[in-house]
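What follows is a single structure, written as structure tokens, with notes after it.
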Amino acid sequence: MFCLDTYLRESEDYEIHMSRAGFKECAKFIEKNAKEFVRVKAGEKIVGARIIGIPPIPIGLDEVECTIMIPYTKPCYGTAVVEIPVETEEIQRIKTLAIK
Amino acid sequence: MKKALILLGCPESPSQTPMAVYVTYKLKNMGYDVTIASTPSAMKLLEVSDPEQFYITQKTDIESCLENLDQGAYDLLVGFVHRDAAVSYFVTFYYILNTSSIAIVFERDAEELERFINDIENNTNATIISARAYHNPTPLRVKFDKTIKTMEESHVLP
């Protein structure tokens, strides 16, 4: 099963757009900079990990590059915006989680 | 037996550890089976504070707790909120569990405290206990006791 923590530790194929920030700043960054985005409930599983934050939580989608942009929160480090590559199927699955 | 989950934040604030032990003591006396979810560093502080595990008997890592959490797994959520990340964690646990919840919100900076209170108030129906606190846990303890007593008397607690 995919583990986001392990992926970020062991892979170099990701981009951190913001770090040690507040959740709201990160949410605004995703809404402003992602090619498109959907909003999901708190606790939804995205690439196998529960998304943490104040709902509705924006998830950035790039269907051309096959990447997603997500807020990533740790208790002592605040929230970061991380962009990671995913399978096309995961982008389609995330779209089905969208709330208004 | 009723089950309560106590959610701890980053352990940098000195008030968190003694309040976590105190809240566990109070809830156990009220008949709750108490589990504490925290980071490994916050757990180390608890383990040293309660060496014979007199109060803290069930503990879990916050990340694995979150990954395996289901709606209704606990009857009561008590979360410590003293950082922006702790607001996010509390709100997320609140939505997944969908149960009675108490947020213990504290900060030494008044503006930050107000921001955390507003975020919890605007996004949950949790009962909020708040105080400007950092080193001294007494304001939080006093307010926690009063709130718990009121909730018990009005049969709001599960």
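Ordering of the structure tokens sets the chain letters (A, B, ...); residue numbers start at 1 within each chain; ligands are numbered from 1 in the order shown.
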
Surrounding residues of Asp119 in chain B excluding itself and chain neighbours under 2 positions, 10 Å, only C-alpha atoms, as a CSV table (one decimal) with N, CA and C atoms, in the first residue's frame:
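Dumped everything to around22.csv:
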chain,number,residue,atom,x,y,z
A,54,ILE,N,-9.0,22.0,7.3
A,54,ILE,CA,-10.3,22.5,7.6
A,54,ILE,C,-11.1,22.4,6.3
B,84,ASP,N,-1.5,26.1,14.7
B,84,ASP,CA,-2.3,26.0,13.4
B,84,ASP,C,-2.5,24.6,13.0
B,87,VAL,N,-5.2,22.8,15.0
B,87,VAL,CA,-6.6,23.1,14.5
B,87,VAL,C,-7.0,22.1,13.4
B,88,SER,N,-6.1,22.0,12.4
B,88,SER,CA,-6.3,21.1,11.3
B,88,SER,C,-6.6,19.6,11.8
B,91,VAL,N,-10.0,19.4,13.7
B,91,VAL,CA,-11.2,19.5,12.8
B,91,VAL,C,-11.3,18.1,12.0
B,113,LEU,N,-4.6,33.1,19.8
B,113,LEU,CA,-5.7,32.4,20.5
B,113,LEU,C,-7.0,32.6,19.9
B,114,GLU,N,-7.3,33.9,19.6
B,114,GLU,CA,-8.6,34.2,19.0
B,114,GLU,C,-8.8,33.5,17.6
B,115,ARG,N,-7.7,33.5,16.9
B,115,ARG,CA,-7.8,32.9,15.5
B,115,ARG,C,-8.1,31.4,15.7
B,116,PHE,N,-7.4,30.7,16.6
B,116,PHE,CA,-7.7,29.3,16.8
B,116,PHE,C,-9.1,29.0,17.2
B,117,ILE,N,-9.6,29.9,18.2
B,117,ILE,CA,-11.0,29.7,18.7
B,117,ILE,C,-12.0,29.9,17.5
B,121,GLU,N,-14.6,27.3,16.2
B,121,GLU,CA,-16.0,27.7,16.3
B,121,GLU,C,-16.8,27.7,15.0
B,122,ASN,N,-16.1,28.2,13.9
B,122,ASN,CA,-16.7,28.3,12.6
B,122,ASN,C,-16.8,27.0,11.9
B,123,ASN,N,-16.0,26.0,12.3
B,123,ASN,CA,-16.0,24.7,11.5
B,123,ASN,C,-16.4,23.5,12.3
B,124,THR,N,-16.8,23.6,13.6
B,124,THR,CA,-17.2,22.4,14.3
B,124,THR,C,-18.3,22.9,15.3

Do a neighbour search on range 137-140 of chain B at 9 Å with only C-alpha atoms, toss out local chain neighbours closer than 6 positions, and write the hits as a PDB file with C-alpha atoms, in the first residue's frame.
ATOM      1  CA  PRO B  14       4.527  23.168  28.674  1.00  0.00           C
ATOM      2  CA  SER B  15       0.844  23.161  29.708  1.00  0.00           C
ATOM      3  CA  GLN B  16      -0.074  20.266  27.432  1.00  0.00           C
ATOM      4  CA  PRO B  18       0.176  18.040  32.795  1.00  0.00           C
ATOM      5  CA  MET B  19      -3.243  18.862  31.341  1.00  0.00           C
ATOM      6  CA  ILE B 104      -8.912  22.801  24.742  1.00  0.00           C
ATOM      7  CA  VAL B 105      -7.534  25.884  23.000  1.00  0.00           C
ATOM      8  CA  PHE B 106      -4.595  27.760  24.478  1.00  0.00           C
ATOM      9  CA  ILE B 129     -12.389  25.597  26.569  1.00  0.00           C
ATOM     10  CA  SER B 130      -9.899  28.407  26.044  1.00  0.00           C
ATOM     11  CA  ALA B 131      -7.349  30.434  27.964  1.00  0.00           C
TER      12      ALA B 131
END

Residues of chain A near chain B: apply a cut-off of 10 Å, count only C-alpha atoms, and supply the list as number ranges by chain.
-> A: 5, 20-24, 41-45, 48-55, 72-79

Any chance you could list, as a list in words, the residues in range 28-114 of chain B that come up strand (DSSP E) when DSSP is run on the backbone?
-> Tyr32, Asp33, Val34, Thr35, Ile36, Ala37, Ser38, Gln58, Lys59, Thr60, Asp61, Leu76, Leu77, Val78, Gly79, Phe80, Val81, Ser100, Ser101, Ile102, Ala103, Ile104, Val105, Phe106 and Glu107 of chain B

Any chance you can output those residues with N, CA and C atoms as a PDB file, in the first residue's frame?
ATOM      1  N   TYR B  32     -14.783   6.677  31.716  1.00  0.00           N
ATOM      2  CA  TYR B  32     -14.330   6.531  30.325  1.00  0.00           C
ATOM      3  C   TYR B  32     -13.102   5.633  30.227  1.00  0.00           C
ATOM      4  N   ASP B  33     -13.070   4.882  29.152  1.00  0.00           N
ATOM      5  CA  ASP B  33     -11.883   4.142  28.746  1.00  0.00           C
ATOM      6  C   ASP B  33     -11.091   5.127  27.867  1.00  0.00           C
ATOM      7  N   VAL B  34      -9.914   5.572  28.336  1.00  0.00           N
ATOM      8  CA  VAL B  34      -9.227   6.699  27.690  1.00  0.00           C
ATOM      9  C   VAL B  34      -8.017   6.242  26.869  1.00  0.00           C
ATOM     10  N   THR B  35      -7.959   6.713  25.641  1.00  0.00           N
ATOM     11  CA  THR B  35      -6.784   6.487  24.780  1.00  0.00           C
ATOM     12  C   THR B  35      -6.191   7.849  24.430  1.00  0.00           C
ATOM     13  N   ILE B  36      -4.864   7.931  24.438  1.00  0.00           N
ATOM     14  CA  ILE B  36      -4.206   9.181  24.046  1.00  0.00           C
ATOM     15  C   ILE B  36      -3.488   8.986  22.711  1.00  0.00           C
ATOM     16  N   ALA B  37      -3.777   9.887  21.769  1.00  0.00           N
ATOM     17  CA  ALA B  37      -3.096   9.865  20.465  1.00  0.00           C
ATOM     18  C   ALA B  37      -2.146  11.051  20.410  1.00  0.00           C
ATOM     19  N   SER B  38      -0.880  10.776  20.096  1.00  0.00           N
ATOM     20  CA  SER B  38       0.089  11.881  20.084  1.00  0.00           C
ATOM     21  C   SER B  38       1.276  11.555  19.194  1.00  0.00           C
ATOM     22  N   GLN B  58      -3.488   3.618  27.822  1.00  0.00           N
ATOM     23  CA  GLN B  58      -3.632   3.306  26.397  1.00  0.00           C
ATOM     24  C   GLN B  58      -3.161   4.485  25.568  1.00  0.00           C
ATOM     25  N   LYS B  59      -2.206   4.214  24.706  1.00  0.00           N
ATOM     26  CA  LYS B  59      -1.663   5.295  23.884  1.00  0.00           C
ATOM     27  C   LYS B  59      -1.431   4.800  22.463  1.00  0.00           C
ATOM     28  N   THR B  60      -1.493   5.751  21.542  1.00  0.00           N
ATOM     29  CA  THR B  60      -1.328   5.376  20.144  1.00  0.00           C
ATOM     30  C   THR B  60      -0.663   6.521  19.392  1.00  0.00           C
ATOM     31  N   ASP B  61       0.028   6.180  18.323  1.00  0.00           N
ATOM     32  CA  ASP B  61       0.674   7.190  17.490  1.00  0.00           C
ATOM     33  C   ASP B  61      -0.403   7.944  16.696  1.00  0.00           C
ATOM     34  N   LEU B  76     -16.234  10.220  22.821  1.00  0.00           N
ATOM     35  CA  LEU B  76     -15.857  11.598  23.163  1.00  0.00           C
ATOM     36  C   LEU B  76     -14.454  11.888  22.623  1.00  0.00           C
ATOM     37  N   LEU B  77     -14.310  13.057  22.003  1.00  0.00           N
ATOM     38  CA  LEU B  77     -12.993  13.515  21.528  1.00  0.00           C
ATOM     39  C   LEU B  77     -12.606  14.756  22.335  1.00  0.00           C
ATOM     40  N   VAL B  78     -11.402  14.725  22.916  1.00  0.00           N
ATOM     41  CA  VAL B  78     -10.869  15.911  23.591  1.00  0.00           C
ATOM     42  C   VAL B  78      -9.547  16.248  22.912  1.00  0.00           C
ATOM     43  N   GLY B  79      -9.473  17.432  22.307  1.00  0.00           N
ATOM     44  CA  GLY B  79      -8.262  17.782  21.565  1.00  0.00           C
ATOM     45  C   GLY B  79      -7.568  19.004  22.118  1.00  0.00           C
ATOM     46  N   PHE B  80      -6.245  18.952  22.152  1.00  0.00           N
ATOM     47  CA  PHE B  80      -5.444  20.097  22.586  1.00  0.00           C
ATOM     48  C   PHE B  80      -5.054  20.910  21.353  1.00  0.00           C
ATOM     49  N   VAL B  81      -5.422  22.185  21.361  1.00  0.00           N
ATOM     50  CA  VAL B  81      -5.213  23.018  20.176  1.00  0.00           C
ATOM     51  C   VAL B  81      -4.390  24.240  20.563  1.00  0.00           C
ATOM     52  N   SER B 100     -19.337  13.664  20.151  1.00  0.00           N
ATOM     53  CA  SER B 100     -19.192  14.781  21.091  1.00  0.00           C
ATOM     54  C   SER B 100     -17.725  15.166  21.198  1.00  0.00           C
ATOM     55  N   SER B 101     -17.444  16.460  21.157  1.00  0.00           N
ATOM     56  CA  SER B 101     -16.043  16.877  21.120  1.00  0.00           C
ATOM     57  C   SER B 101     -15.793  18.116  21.967  1.00  0.00           C
ATOM     58  N   ILE B 102     -14.627  18.134  22.580  1.00  0.00           N
ATOM     59  CA  ILE B 102     -14.191  19.285  23.374  1.00  0.00           C
ATOM     60  C   ILE B 102     -12.818  19.716  22.858  1.00  0.00           C
ATOM     61  N   ALA B 103     -12.682  21.003  22.540  1.00  0.00           N
ATOM     62  CA  ALA B 103     -11.377  21.530  22.129  1.00  0.00           C
ATOM     63  C   ALA B 103     -10.807  22.358  23.277  1.00  0.00           C
ATOM     64  N   ILE B 104      -9.611  22.010  23.727  1.00  0.00           N
ATOM     65  CA  ILE B 104      -8.912  22.801  24.742  1.00  0.00           C
ATOM     66  C   ILE B 104      -7.926  23.691  23.998  1.00  0.00           C
ATOM     67  N   VAL B 105      -8.296  24.967  23.845  1.00  0.00           N
ATOM     68  CA  VAL B 105      -7.534  25.884  23.000  1.00  0.00           C
ATOM     69  C   VAL B 105      -6.719  26.826  23.883  1.00  0.00           C
ATOM     70  N   PHE B 106      -5.433  26.895  23.640  1.00  0.00           N
ATOM     71  CA  PHE B 106      -4.595  27.760  24.478  1.00  0.00           C
ATOM     72  C   PHE B 106      -3.393  28.280  23.693  1.00  0.00           C
ATOM     73  N   GLU B 107      -2.991  29.481  24.052  1.00  0.00           N
ATOM     74  CA  GLU B 107      -1.866  30.149  23.382  1.00  0.00           C
ATOM     75  C   GLU B 107      -1.490  31.313  24.268  1.00  0.00           C
TER      76      GLU B 107
END

Looking only at helix (DSSP H, G or I) from DSSP on the backbone, list the matching residues of range 23-146 of chain B as a ChimeraX atom specification.
-> /B:23-29,40-49,62-67,84-97,110-123,138-146

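CA of Arg108 in chain B lies 23.8 Å from CA of Lys44 in chain B.
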
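Atom pair CA of Glu12 in chain A / CA of Thr88 in chain A: separated by 19.9 Å.
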